[in-house]
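A.B. asks: Contents are compact mmCIF, C-alpha atoms; file name work_1.txt:
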# COMPACT_ATOMS: atom_id res chain seq x y z
CA MET A 18 5.88 21.51 -10.32
CA LYS A 19 5.27 19.11 -7.44
CA ALA A 20 3.69 15.68 -7.22
CA LEU A 21 1.08 14.31 -4.85
CA VAL A 22 1.17 10.51 -4.70
CA LEU A 23 -1.73 8.76 -3.00
CA ALA A 24 -0.65 5.75 -0.93
CA GLY A 25 -3.17 5.76 1.89
CA GLY A 26 -5.92 3.44 0.61
CA THR A 27 -7.01 0.24 2.34
CA GLY A 28 -6.53 -2.13 -0.61
CA SER A 29 -9.74 -4.04 0.10
CA ARG A 30 -9.76 -5.68 -3.36
CA LEU A 31 -6.38 -7.29 -2.64
CA LEU A 32 -7.29 -8.81 0.71
CA PRO A 33 -5.89 -10.86 2.41
CA ILE A 34 -2.51 -9.77 0.97
CA THR A 35 -3.17 -6.20 2.17
CA HIS A 36 -3.89 -7.31 5.73
CA THR A 37 -0.12 -7.25 6.23
CA ALA A 38 1.24 -4.85 3.59
CA PRO A 39 0.07 -1.81 1.60
CA LYS A 40 -1.33 -2.51 -1.85
CA GLN A 41 1.12 0.01 -3.30
CA LEU A 42 4.02 -2.21 -2.19
CA VAL A 43 2.78 -5.41 -3.87
CA PRO A 44 5.62 -6.18 -6.30
CA VAL A 45 5.41 -6.31 -10.08
CA ALA A 46 8.46 -8.08 -11.57
CA ASN A 47 9.88 -7.98 -8.03
CA LYS A 48 9.55 -4.19 -7.66
CA PRO A 49 6.71 -2.46 -5.78
CA VAL A 50 4.06 -0.85 -7.97
CA LEU A 51 4.58 2.44 -6.11
CA PHE A 52 8.22 2.60 -7.23
CA TYR A 53 7.23 2.63 -10.92
CA GLY A 54 5.07 5.69 -10.31
CA ILE A 55 7.82 7.54 -8.44
CA GLU A 56 10.29 6.70 -11.20
CA SER A 57 7.85 8.05 -13.82
CA LEU A 58 7.53 11.32 -11.93
CA VAL A 59 11.29 11.75 -11.60
CA ALA A 60 11.76 10.91 -15.30
CA ALA A 61 9.30 13.73 -16.06
CA GLY A 62 11.45 16.15 -14.07
CA ILE A 63 9.29 16.20 -10.92
CA THR A 64 11.44 15.60 -7.85
CA ASP A 65 9.42 17.27 -5.06
CA ILE A 66 6.99 14.50 -4.12
CA GLY A 67 4.41 14.47 -1.34
CA ILE A 68 3.07 11.05 -0.42
CA ILE A 69 -0.34 10.76 1.24
CA VAL A 70 -0.16 8.00 3.85
CA GLY A 71 -2.68 6.36 6.17
CA TYR A 72 -2.52 3.43 8.56
CA THR A 73 0.27 1.80 6.51
CA ALA A 74 2.48 4.89 6.80
CA ASP A 75 5.35 3.05 8.52
CA GLU A 76 5.61 0.47 5.73
CA ILE A 77 5.53 3.14 3.01
CA ARG A 78 8.18 5.23 4.81
CA SER A 79 10.41 2.19 5.27
CA ALA A 80 10.22 1.29 1.58
CA VAL A 81 10.57 4.76 0.04
CA GLY A 82 12.69 6.56 2.64
CA ASP A 83 13.50 10.19 1.97
CA GLY A 84 13.30 9.64 -1.78
CA SER A 85 17.02 10.04 -2.42
CA ALA A 86 17.25 6.52 -3.87
CA PHE A 87 14.95 7.76 -6.66
CA GLY A 88 16.58 11.17 -7.06
CA ALA A 89 13.62 12.81 -5.31
CA ARG A 90 12.72 14.68 -2.11
CA VAL A 91 9.80 13.01 -0.38
CA THR A 92 7.47 14.59 2.18
CA TYR A 93 4.93 12.38 3.98
CA ILE A 94 1.44 13.80 4.50
CA PRO A 95 -0.84 11.92 6.92
CA GLN A 96 -4.51 11.36 6.12
CA ASP A 97 -6.55 9.92 9.00
CA ARG A 98 -8.99 8.16 6.69
CA PRO A 99 -9.24 7.80 2.90
CA LEU A 100 -12.14 10.22 2.36
CA GLY A 101 -11.72 10.73 -1.38
CA LEU A 102 -9.13 12.03 -3.81
CA ALA A 103 -10.28 15.62 -3.39
CA HIS A 104 -9.87 15.23 0.37
CA ALA A 105 -6.24 14.25 -0.24
CA VAL A 106 -5.76 17.57 -2.05
CA LEU A 107 -7.29 19.37 0.94
CA VAL A 108 -4.97 17.78 3.50
CA ALA A 109 -1.95 18.48 1.27
CA ARG A 110 -2.80 22.19 0.85
CA ASP A 111 0.15 23.51 2.88
CA TYR A 112 2.62 21.23 1.10
CA LEU A 113 1.32 22.07 -2.38
CA ALA A 114 1.20 25.82 -1.70
CA ASP A 115 0.58 27.65 -5.00
CA ASP A 116 2.52 25.26 -7.21
CA ASP A 117 1.17 23.30 -10.15
CA PHE A 118 1.14 19.60 -9.35
CA VAL A 119 0.57 16.10 -10.63
CA MET A 120 -1.70 13.86 -8.56
CA TYR A 121 -0.72 10.22 -9.10
CA LEU A 122 -2.54 7.24 -7.62
CA GLY A 123 0.13 4.99 -6.13
CA ASP A 124 -1.45 1.75 -7.35
CA ASN A 125 -1.72 2.82 -11.00
CA PHE A 126 0.64 1.66 -13.71
CA ILE A 127 1.27 3.44 -17.01
CA VAL A 128 3.74 2.02 -19.50
CA GLY A 129 5.81 4.78 -21.07
CA GLY A 130 5.51 7.19 -18.16
CA ILE A 131 4.02 10.71 -18.11
CA SER A 132 6.84 12.90 -19.44
CA GLU A 133 4.95 13.87 -22.59
CA LEU A 134 1.81 14.69 -20.60
CA VAL A 135 3.78 16.94 -18.23
CA SER A 136 5.48 18.74 -21.13
CA SER A 137 2.10 19.36 -22.78
CA PHE A 138 0.71 20.74 -19.51
CA HIS A 139 3.62 23.18 -19.21
CA ARG A 140 3.07 24.38 -22.78
CA ASN A 141 -0.71 24.86 -22.56
CA ARG A 142 -1.25 25.21 -18.80
CA PRO A 143 -4.98 24.44 -18.54
CA ASP A 144 -6.56 24.55 -15.10
CA ALA A 145 -6.66 20.75 -15.16
CA ASP A 146 -5.50 17.99 -17.47
CA ILE A 147 -6.74 14.42 -17.11
CA LEU A 148 -5.87 11.11 -18.67
CA LEU A 149 -8.64 9.04 -20.25
CA THR A 150 -8.76 5.48 -21.54
CA ARG A 151 -11.49 3.39 -23.16
CA VAL A 152 -12.83 0.62 -20.92
CA GLY A 153 -15.34 -2.18 -21.28
CA ASP A 154 -17.25 -1.38 -18.07
CA PRO A 155 -17.31 2.39 -17.44
CA THR A 156 -19.61 2.02 -14.40
CA ALA A 157 -16.56 1.18 -12.25
CA PHE A 158 -14.77 4.47 -13.02
CA GLY A 159 -15.11 8.20 -13.27
CA VAL A 160 -16.42 8.78 -16.80
CA ALA A 161 -15.85 11.80 -19.06
CA GLU A 162 -18.02 13.25 -21.81
CA LEU A 163 -16.31 15.22 -24.57
CA ASP A 164 -17.81 17.71 -27.01
CA ALA A 165 -17.20 17.69 -30.77
CA ALA A 166 -13.98 19.64 -30.28
CA GLY A 167 -12.68 17.12 -27.75
CA ARG A 168 -13.12 19.35 -24.70
CA VAL A 169 -14.30 17.86 -21.41
CA VAL A 170 -17.86 18.99 -20.77
CA ARG A 171 -18.97 16.55 -18.09
CA ILE A 172 -17.46 14.11 -15.59
CA GLU A 173 -19.39 11.67 -13.42
CA GLU A 174 -18.14 9.22 -10.80
CA LYS A 175 -19.19 5.56 -11.29
CA PRO A 176 -22.37 6.36 -13.26
CA LYS A 177 -25.16 3.80 -13.59
CA ASN A 178 -25.76 4.95 -17.19
CA PRO A 179 -22.38 6.08 -18.58
CA VAL A 180 -22.42 8.73 -21.30
CA SER A 181 -19.22 7.31 -22.82
CA ASP A 182 -16.63 4.56 -22.41
CA LEU A 183 -13.91 7.08 -21.49
CA ALA A 184 -12.66 6.32 -17.97
CA VAL A 185 -10.54 8.73 -15.98
CA VAL A 186 -7.09 7.26 -15.31
CA GLY A 187 -5.44 7.87 -11.94
CA VAL A 188 -3.12 10.68 -13.07
CA TYR A 189 -4.26 14.32 -12.91
CA LEU A 190 -2.43 17.62 -13.50
CA PHE A 191 -3.63 20.79 -11.77
CA THR A 192 -2.92 24.46 -11.35
CA PRO A 193 -3.74 26.01 -7.93
CA ALA A 194 -7.29 26.58 -9.25
CA VAL A 195 -8.18 23.10 -7.97
CA HIS A 196 -7.87 24.24 -4.35
CA GLU A 197 -10.95 26.45 -4.74
CA ALA A 198 -12.77 23.55 -6.37
CA VAL A 199 -12.11 21.01 -3.59
CA ARG A 200 -13.29 23.54 -1.00
CA ALA A 201 -16.49 24.20 -2.93
CA ILE A 202 -17.78 20.62 -3.31
CA GLU A 203 -19.78 18.50 -0.87
CA PRO A 204 -19.24 14.82 0.04
CA SER A 205 -20.81 12.34 -2.38
CA ALA A 206 -23.41 9.72 -1.48
CA ARG A 207 -20.61 7.41 -0.34
CA GLY A 208 -19.29 10.10 2.00
CA GLU A 209 -16.19 11.05 0.00
CA LEU A 210 -14.96 14.24 -1.62
CA GLU A 211 -14.71 13.12 -5.23
CA ILE A 212 -12.06 14.58 -7.51
CA THR A 213 -14.54 14.12 -10.37
CA ASP A 214 -16.88 16.56 -8.59
CA ALA A 215 -14.02 19.04 -8.26
CA LEU A 216 -13.29 18.69 -11.98
CA GLN A 217 -16.98 19.20 -12.79
CA TRP A 218 -16.96 22.34 -10.62
CA LEU A 219 -14.05 23.68 -12.67
CA ILE A 220 -15.99 22.93 -15.88
CA ASP A 221 -19.11 24.63 -14.51
CA GLN A 222 -16.99 27.70 -13.67
CA GLU A 223 -15.83 27.74 -17.29
CA ARG A 224 -12.28 26.85 -16.35
CA THR A 225 -10.20 24.89 -18.85
CA VAL A 226 -10.18 21.12 -18.35
CA ARG A 227 -8.21 19.26 -21.02
CA SER A 228 -7.91 15.54 -21.58
CA THR A 229 -5.41 13.17 -23.16
CA LEU A 230 -6.38 9.72 -24.41
CA VAL A 231 -4.06 6.98 -23.21
CA THR A 232 -3.23 4.83 -26.20
CA GLY A 233 -0.62 2.71 -24.42
CA TYR A 234 -0.90 0.37 -21.50
CA TRP A 235 -2.63 1.43 -18.27
CA LYS A 236 -3.86 -0.59 -15.32
CA ASP A 237 -5.27 0.06 -11.87
CA THR A 238 -3.55 -2.71 -9.90
CA GLY A 239 -6.23 -2.82 -7.22
CA ASN A 240 -7.21 -6.46 -7.77
CA VAL A 241 -5.40 -9.75 -8.34
CA THR A 242 -6.42 -10.13 -12.00
CA ASP A 243 -5.05 -6.72 -12.94
CA ILE A 244 -1.83 -7.02 -10.96
CA LEU A 245 -1.08 -10.36 -12.64
CA GLU A 246 -1.68 -8.73 -16.01
CA VAL A 247 0.65 -5.83 -15.15
CA ASN A 248 3.26 -8.33 -13.99
CA ARG A 249 2.98 -10.10 -17.35
CA SER A 250 3.35 -6.82 -19.24
CA VAL A 251 6.42 -5.69 -17.30
CA LEU A 252 8.11 -9.08 -17.56
CA GLU A 253 7.86 -8.90 -21.36
CA ARG A 254 10.40 -6.08 -21.16
CA VAL A 255 12.80 -7.73 -18.71
CA GLU A 256 16.43 -7.94 -19.74
CA PRO A 257 17.68 -11.52 -19.40
CA CYS A 258 20.62 -12.06 -17.09
CA THR A 259 21.96 -14.73 -14.77
CA GLU A 260 23.61 -13.47 -11.59
CA GLY A 261 22.71 -16.54 -9.56
CA ARG A 262 23.79 -20.17 -10.01
CA VAL A 263 22.21 -22.47 -12.59
CA ASP A 264 23.36 -26.08 -12.76
CA ALA A 265 24.00 -28.08 -15.92
CA ASP A 266 20.74 -30.04 -15.55
CA SER A 267 18.60 -26.91 -15.76
CA GLU A 268 17.18 -25.25 -18.85
CA ILE A 269 16.62 -21.49 -19.13
CA ILE A 270 14.54 -20.33 -22.11
CA GLY A 271 13.74 -16.78 -23.19
CA ARG A 272 13.74 -13.60 -21.10
CA VAL A 273 14.68 -14.80 -17.63
CA ARG A 274 16.38 -12.77 -14.91
CA ILE A 275 17.99 -14.80 -12.13
CA GLU A 276 19.11 -12.47 -9.37
CA ARG A 277 22.23 -12.66 -7.24
CA GLY A 278 22.30 -15.52 -4.74
CA ALA A 279 19.48 -17.49 -6.40
CA GLU A 280 20.08 -21.18 -7.16
CA VAL A 281 18.38 -23.19 -9.89
CA THR A 282 18.88 -26.97 -9.83
CA GLY A 283 17.39 -29.58 -12.17
CA SER A 284 14.67 -27.17 -13.29
CA ARG A 285 13.18 -25.59 -16.40
CA ILE A 286 12.38 -21.88 -16.48
CA VAL A 287 10.59 -20.38 -19.48
CA GLY A 288 10.49 -16.61 -19.66
CA PRO A 289 9.53 -13.98 -19.29
CA ALA A 290 10.25 -14.61 -15.62
CA VAL A 291 12.21 -13.26 -12.67
CA ILE A 292 13.77 -15.31 -9.87
CA GLY A 293 14.59 -13.23 -6.80
CA ALA A 294 17.80 -13.05 -4.83
CA GLY A 295 18.37 -15.94 -2.44
CA THR A 296 15.56 -18.05 -3.90
CA THR A 297 16.10 -21.75 -4.59
CA VAL A 298 14.35 -23.55 -7.43
CA THR A 299 14.77 -27.32 -7.38
CA ASN A 300 13.33 -29.97 -9.74
CA SER A 301 10.61 -27.56 -10.79
CA TYR A 302 9.06 -25.79 -13.76
CA ILE A 303 8.51 -22.03 -13.74
CA GLY A 304 6.53 -20.86 -16.72
CA PRO A 305 6.01 -17.54 -18.51
CA SER A 306 4.77 -14.39 -16.76
CA THR A 307 5.94 -15.48 -13.32
CA SER A 308 7.88 -13.46 -10.78
CA VAL A 309 9.31 -15.13 -7.69
CA ALA A 310 10.54 -12.75 -4.99
CA GLU A 311 13.61 -13.08 -2.81
CA ASP A 312 14.33 -15.93 -0.38
CA CYS A 313 11.60 -18.25 -1.68
CA VAL A 314 11.70 -22.03 -2.05
CA ILE A 315 10.22 -23.72 -5.14
CA ASP A 316 10.71 -27.48 -4.93
CA SER A 317 9.24 -30.25 -7.11
CA SER A 318 6.46 -27.94 -8.30
CA GLU A 319 5.05 -26.17 -11.35
CA ILE A 320 3.96 -22.53 -11.45
CA GLU A 321 3.02 -20.18 -14.28
CA PHE A 322 1.48 -16.69 -14.74
CA SER A 323 1.80 -15.98 -11.03
CA ILE A 324 3.44 -13.76 -8.43
CA VAL A 325 5.18 -15.32 -5.43
CA LEU A 326 6.04 -12.89 -2.63
CA GLU A 327 9.13 -12.99 -0.44
CA ARG A 328 10.02 -15.99 1.76
CA ALA A 329 7.14 -18.11 0.44
CA SER A 330 7.67 -21.84 -0.18
CA ILE A 331 5.94 -24.13 -2.69
CA GLU A 332 6.85 -27.78 -2.33
CA GLY A 333 5.56 -30.88 -4.11
CA VAL A 334 2.66 -29.11 -5.83
CA GLY A 335 1.69 -30.32 -9.30
CA ARG A 336 0.48 -27.11 -10.93
CA ILE A 337 -0.23 -23.51 -9.88
CA GLU A 338 -1.31 -20.77 -12.28
CA ALA A 339 -2.87 -17.29 -12.20
CA SER A 340 -2.12 -17.01 -8.47
CA LEU A 341 -0.77 -14.50 -5.98
CA ILE A 342 1.12 -16.29 -3.19
CA GLY A 343 1.60 -14.16 -0.08
CA ARG A 344 4.67 -13.47 2.00
CA GLN A 345 5.98 -16.39 4.07
CA SER A 346 3.16 -18.61 2.79
CA ARG A 347 3.65 -22.39 2.60
CA VAL A 348 2.01 -24.42 -0.15
CA THR A 349 2.67 -28.17 0.16
CA ARG A 350 1.31 -31.50 -1.00
CA ALA A 351 -0.68 -33.73 1.35
CA ASP A 352 0.98 -37.16 1.24
CA ARG A 353 -1.08 -38.91 3.87
CA THR A 354 -4.01 -41.22 3.14
CA PRO A 355 -6.80 -40.35 2.74
CA ARG A 356 -5.47 -37.51 0.63
CA ALA A 357 -7.21 -34.24 1.43
CA HIS A 358 -6.81 -30.51 1.01
CA ARG A 359 -5.79 -28.72 4.21
CA PHE A 360 -5.92 -24.92 4.46
CA VAL A 361 -5.48 -21.99 6.76
CA VAL A 362 -7.39 -19.45 4.65
CA GLY A 363 -7.51 -15.77 5.59
CA ASP A 364 -10.45 -13.41 5.35
CA HIS A 365 -11.55 -12.47 1.82
CA SER A 366 -9.43 -15.22 0.26
CA LYS A 367 -10.32 -17.06 -2.93
CA VAL A 368 -9.43 -20.76 -3.34
CA GLN A 369 -10.14 -22.88 -6.42
CA ILE A 370 -9.75 -26.67 -6.20
CA THR A 371 -9.76 -29.14 -9.05
CA PRO A 372 -12.09 -32.14 -8.56
When written as structure tokens, how does the structure in this file appear?

C.D. replies:
Amino acid sequence: MKALVLAGGTGSRLLPITHTAPKQLVPVANKPVLFYGIESLVAAGITDIGIIVGYTADEIRSAVGDGSAFGARVTYIPQDRPLGLAHAVLVARDYLADDDFVMYLGDNFIVGGISELVSSFHRNRPDADILLTRVGDPTAFGVAELDAAGRVVRIEEKPKNPVSDLAVVGVYLFTPAVHEAVRAIEPSARGELEITDALQWLIDQERTVRSTLVTGYWKDTGNVTDILEVNRSVLERVEPCTEGRVDADSEIIGRVRIERGAEVTGSRIVGPAVIGAGTTVTNSYIGPSTSVAEDCVIDSSEIEFSIVLERASIEGVGRIEASLIGRQSRVTRADRTPRAHRFVVGDHSKVQITP
């Protein structure tokens, strides 16, 4: 069995962060989201991995390499434009050959991995197996309808009037039968070849499409709210350790990982939290569900339930929460009179200011 990992999307919901880096490389607990997916595949025994890449191909290649660091063999498959999940299967046809495969969206996160799902697929070998989860707003997802026996009888992409609250999660398992399906469908109204249409084609051809309900934790990390929530969830499982330096005037409470070369001085850190290598934290408070990447500066500030990316600095700021601070950003206090907020704000940014 092979894997097809999709890492070619534009990441529009994470702008402006994704102006300079792929959404799949935004870190959760100081590790890129994409890495968790690759690790899940390898843990399930799948080591031949094809990665679909687009305009951020160089960044993805630099981060993942040849896959040997994960115990995998990685092949990169270029896609000129993200024209739908089924289109990704089309462009990967030569790589996939006639093997069964898992298609895994590189910005999805599933706690507990997919080993059990892969084992079940090997035992039963349906033409397709999909993961489903119950969601509050099905109109934002592909939605499945099941019959009384639990078989998938209908799938629709982002329906205006959903027939159920069962959303299709970004992990799919296929036999080579899917190749006929993706060749048979036409582009949708938004100009994409939808994998939901390919699944519906298989159903219409009376092929076997099974489903598994995700009862654990799943998130699509495509927006800031969800990636902060995933960060919180992962940090709850962090193993506390102190490899950096913490002075006697600092207080470390709960699950906190302080990586090699980090320095904490006169500060209070309440876990779960991660402080990256080479980062300095001085006279500050870092609260729960916060990850600070490597080589950052946190000075005389407070931050909680947030992600701070590498080489960012936060100095003299009273309180930050529920925020994603980009690479090499500088957040400082205005000391001059009259006191005023001063910004250089990128496209598609969101800024909230207290009165």

A.B. asks: Compile a residue-level contact table for stretch 44-81 of chain A against stretch 88-112 of chain A at a cut-off of 8 Å, reporting for every qualifying residue the shortest atom pair and its distance in Å to one decimal, with only C-alpha atoms counted, rows ordered by chain and ascending number, as a Markdown table.

C.D. replies:
| residue | atom | partner | partner_atom | distance |
| --- | --- | --- | --- | --- |
| A:Val59 | CA | A:Ala89 | CA | 6.8 |
| A:Ile63 | CA | A:Ala89 | CA | 7.9 |
| A:Thr64 | CA | A:Ala89 | CA | 4.4 |
| A:Asp65 | CA | A:Arg90 | CA | 5.1 |
| A:Ile66 | CA | A:Val91 | CA | 4.9 |
| A:Gly67 | CA | A:Thr92 | CA | 4.7 |
| A:Ile68 | CA | A:Tyr93 | CA | 5.0 |
| A:Ile69 | CA | A:Ile94 | CA | 4.8 |
| A:Val70 | CA | A:Pro95 | CA | 5.0 |
| A:Gly71 | CA | A:Gln96 | CA | 5.3 |
| A:Tyr72 | CA | A:Asp97 | CA | 7.7 |
| A:Ala74 | CA | A:Pro95 | CA | 7.8 |
| A:Arg78 | CA | A:Tyr93 | CA | 7.9 |

A.B. asks: Set the distance at 8 Å and use only C-alpha atoms: which residues neighbour A:Trp218 once local chain neighbours fewer than 4 positions away are removed? I'd like the list as number ranges by chain.

C.D. replies: A: 198, 201-202, 214, 222

A.B. asks: Could you check how far atom CA of A:Pro193 sits from atom CA of A:Gly84, in Å to one decimal?

C.D. replies: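 Value for the atom CA of A:Pro193-atom CA of A:Gly84 distance: 24.4 Å.
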
A.B. asks: Report, in Å to a single decimal, how far apart atom CA of A:Ala80 and atom CA of A:Gly187 are.

C.D. replies: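 Atom-to-atom, atom CA of A:Gly187 to atom CA of A:Ala80, that is 21.7 Å.
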
A.B. asks: Counting all atoms listed in the file, which residue out of A:Ala161, A:Ile320, A:Val348, A:Leu51 sits closest to A:Arg227?

C.D. replies: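 Among A:Ala161, A:Ile320, A:Val348, A:Leu51, it is A:Ala161 that comes nearest to A:Arg227.
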
A.B. asks: Mind checking which residues fall within 6 Å of stretch 248-258 of chain A, counting all atoms listed in the file, ignoring those fewer than 4 positions away in the same chain, and posting them as a PyMOL selection string?

C.D. replies: chain A and resi 45-46+272-274+289+306

A.B. asks: What's around A:Phe138 at 10 Å? Count all atoms listed in the file, leave out sequence neighbours fewer than 6 positions away in its own chain, and write the answer as a count of residues only.

C.D. replies: 9

A.B. asks: Go through A:Leu210, A:Arg168, A:Leu245, A:Arg277 and flag the residue nearest A:Glu223, using all atoms listed in the file for the distances.

C.D. replies: A:Arg168

A.B. asks: Residues at most 12 Å from A:Val314, counting only C-alpha atoms, excluding those fewer than 2 positions away in the same chain, as a PyMOL selection string?

C.D. replies: chain A and resi 279-282+292-301+309-312+316-318+325-333+344-349

A.B. asks: So how far away is atom CA of A:Val185 from atom CA of A:Ile131, in Å?

C.D. replies: 14.8 Å

A.B. asks: Closest to A:Leu216 among A:Arg151, A:Arg262, A:His196, A:Lys236, using only C-alpha atoms?

C.D. replies: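 Checking each candidate against A:Leu216, we get A:His196 as the closest.
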
A.B. asks: Find the residue from A:Ala351, A:Val226, A:Ile127, A:Met120 that sits nearest to A:Glu162; use all atoms listed in the file when measuring.

C.D. replies: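 Nearest to A:Glu162: A:Val226.
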
A.B. asks: Kindly provide, as JSON, the centre and edge lengths (Å, one decimal) of an axis-aligned box around all atoms of stretch 325-333 of chain A given in the file, with 8 Å on each side.

C.D. replies:
{"center_x": 7.6, "center_y": -21.9, "center_z": -1.8, "size_x": 20.8, "size_y": 34.0, "size_z": 23.2}

A.B. asks: How would you write as a PyMOL selection string the residues that get within 9 Å of (-1.5, -13.3, -8.8) in the file's frame, counting only C-alpha atoms?

C.D. replies: chain A and resi 240-246+248+307+322-325+338-342

A.B. asks: Return the single residue from A:Met18, A:Val170, A:Ala206, A:Leu183 that is closest to A:Leu219, with distances computed using all atoms listed in the file.

C.D. replies: A:Val170

A.B. asks: Kindly write N, CA and C atoms of stretch 48-72 of chain A from the structure just given to a file, as a PDB file, in the first residue's frame.

C.D. replies:
ATOM      1  N   LYS A  48       6.054  21.428  15.976  1.00  0.00           N
ATOM      2  CA  LYS A  48       6.310  20.466  14.907  1.00  0.00           C
ATOM      3  C   LYS A  48       5.294  20.675  13.802  1.00  0.00           C
ATOM      4  N   PRO A  49       5.719  20.765  12.545  1.00  0.00           N
ATOM      5  CA  PRO A  49       4.772  21.020  11.458  1.00  0.00           C
ATOM      6  C   PRO A  49       3.628  20.013  11.407  1.00  0.00           C
ATOM      7  N   VAL A  50       2.442  20.510  11.100  1.00  0.00           N
ATOM      8  CA  VAL A  50       1.260  19.649  11.002  1.00  0.00           C
ATOM      9  C   VAL A  50       1.518  18.488  10.049  1.00  0.00           C
ATOM     10  N   LEU A  51       2.180  18.756   8.936  1.00  0.00           N
ATOM     11  CA  LEU A  51       2.447  17.720   7.934  1.00  0.00           C
ATOM     12  C   LEU A  51       3.202  16.536   8.526  1.00  0.00           C
ATOM     13  N   PHE A  52       4.106  16.806   9.466  1.00  0.00           N
ATOM     14  CA  PHE A  52       4.929  15.736  10.037  1.00  0.00           C
ATOM     15  C   PHE A  52       4.067  14.729  10.807  1.00  0.00           C
ATOM     16  N   TYR A  53       3.024  15.222  11.489  1.00  0.00           N
ATOM     17  CA  TYR A  53       2.150  14.308  12.227  1.00  0.00           C
ATOM     18  C   TYR A  53       1.479  13.326  11.275  1.00  0.00           C
ATOM     19  N   GLY A  54       1.055  13.809  10.111  1.00  0.00           N
ATOM     20  CA  GLY A  54       0.426  12.932   9.132  1.00  0.00           C
ATOM     21  C   GLY A  54       1.385  11.887   8.598  1.00  0.00           C
ATOM     22  N   ILE A  55       2.604  12.306   8.273  1.00  0.00           N
ATOM     23  CA  ILE A  55       3.607  11.356   7.777  1.00  0.00           C
ATOM     24  C   ILE A  55       3.911  10.307   8.838  1.00  0.00           C
ATOM     25  N   GLU A  56       4.037  10.744  10.081  1.00  0.00           N
ATOM     26  CA  GLU A  56       4.306   9.801  11.173  1.00  0.00           C
ATOM     27  C   GLU A  56       3.162   8.804  11.345  1.00  0.00           C
ATOM     28  N   SER A  57       1.918   9.262  11.164  1.00  0.00           N
ATOM     29  CA  SER A  57       0.764   8.364  11.264  1.00  0.00           C
ATOM     30  C   SER A  57       0.797   7.301  10.172  1.00  0.00           C
ATOM     31  N   LEU A  58       1.185   7.711   8.968  1.00  0.00           N
ATOM     32  CA  LEU A  58       1.261   6.762   7.860  1.00  0.00           C
ATOM     33  C   LEU A  58       2.338   5.709   8.120  1.00  0.00           C
ATOM     34  N   VAL A  59       3.494   6.150   8.558  1.00  0.00           N
ATOM     35  CA  VAL A  59       4.587   5.210   8.825  1.00  0.00           C
ATOM     36  C   VAL A  59       4.203   4.259   9.962  1.00  0.00           C
ATOM     37  N   ALA A  60       3.547   4.785  10.995  1.00  0.00           N
ATOM     38  CA  ALA A  60       3.103   3.939  12.109  1.00  0.00           C
ATOM     39  C   ALA A  60       2.111   2.879  11.647  1.00  0.00           C
ATOM     40  N   ALA A  61       1.370   3.178  10.566  1.00  0.00           N
ATOM     41  CA  ALA A  61       0.416   2.218  10.005  1.00  0.00           C
ATOM     42  C   ALA A  61       1.071   1.259   9.019  1.00  0.00           C
ATOM     43  N   GLY A  62       2.387   1.363   8.872  1.00  0.00           N
ATOM     44  CA  GLY A  62       3.118   0.462   7.992  1.00  0.00           C
ATOM     45  C   GLY A  62       3.238   0.928   6.560  1.00  0.00           C
ATOM     46  N   ILE A  63       2.886   2.179   6.281  1.00  0.00           N
ATOM     47  CA  ILE A  63       2.941   2.721   4.913  1.00  0.00           C
ATOM     48  C   ILE A  63       4.172   3.610   4.787  1.00  0.00           C
ATOM     49  N   THR A  64       5.154   3.155   4.038  1.00  0.00           N
ATOM     50  CA  THR A  64       6.422   3.887   3.948  1.00  0.00           C
ATOM     51  C   THR A  64       6.711   4.431   2.546  1.00  0.00           C
ATOM     52  N   ASP A  65       5.944   4.024   1.552  1.00  0.00           N
ATOM     53  CA  ASP A  65       6.060   4.623   0.211  1.00  0.00           C
ATOM     54  C   ASP A  65       5.059   5.766   0.122  1.00  0.00           C
ATOM     55  N   ILE A  66       5.558   6.989   0.151  1.00  0.00           N
ATOM     56  CA  ILE A  66       4.693   8.163   0.268  1.00  0.00           C
ATOM     57  C   ILE A  66       4.955   9.120  -0.884  1.00  0.00           C
ATOM     58  N   GLY A  67       3.910   9.425  -1.643  1.00  0.00           N
ATOM     59  CA  GLY A  67       3.978  10.457  -2.667  1.00  0.00           C
ATOM     60  C   GLY A  67       3.366  11.736  -2.121  1.00  0.00           C
ATOM     61  N   ILE A  68       4.058  12.841  -2.284  1.00  0.00           N
ATOM     62  CA  ILE A  68       3.560  14.119  -1.789  1.00  0.00           C
ATOM     63  C   ILE A  68       3.251  15.033  -2.971  1.00  0.00           C
ATOM     64  N   ILE A  69       1.983  15.437  -3.074  1.00  0.00           N
ATOM     65  CA  ILE A  69       1.567  16.386  -4.100  1.00  0.00           C
ATOM     66  C   ILE A  69       2.020  17.788  -3.676  1.00  0.00           C
ATOM     67  N   VAL A  70       2.776  18.455  -4.534  1.00  0.00           N
ATOM     68  CA  VAL A  70       3.288  19.782  -4.210  1.00  0.00           C
ATOM     69  C   VAL A  70       2.935  20.768  -5.315  1.00  0.00           C
ATOM     70  N   GLY A  71       2.782  22.037  -4.900  1.00  0.00           N
ATOM     71  CA  GLY A  71       2.491  23.113  -5.837  1.00  0.00           C
ATOM     72  C   GLY A  71       3.551  24.180  -5.784  1.00  0.00           C
ATOM     73  N   TYR A  72       3.126  25.450  -5.649  1.00  0.00           N
ATOM     74  CA  TYR A  72       4.091  26.549  -5.702  1.00  0.00           C
ATOM     75  C   TYR A  72       4.988  26.616  -4.472  1.00  0.00           C
TER      76      TYR A  72
END
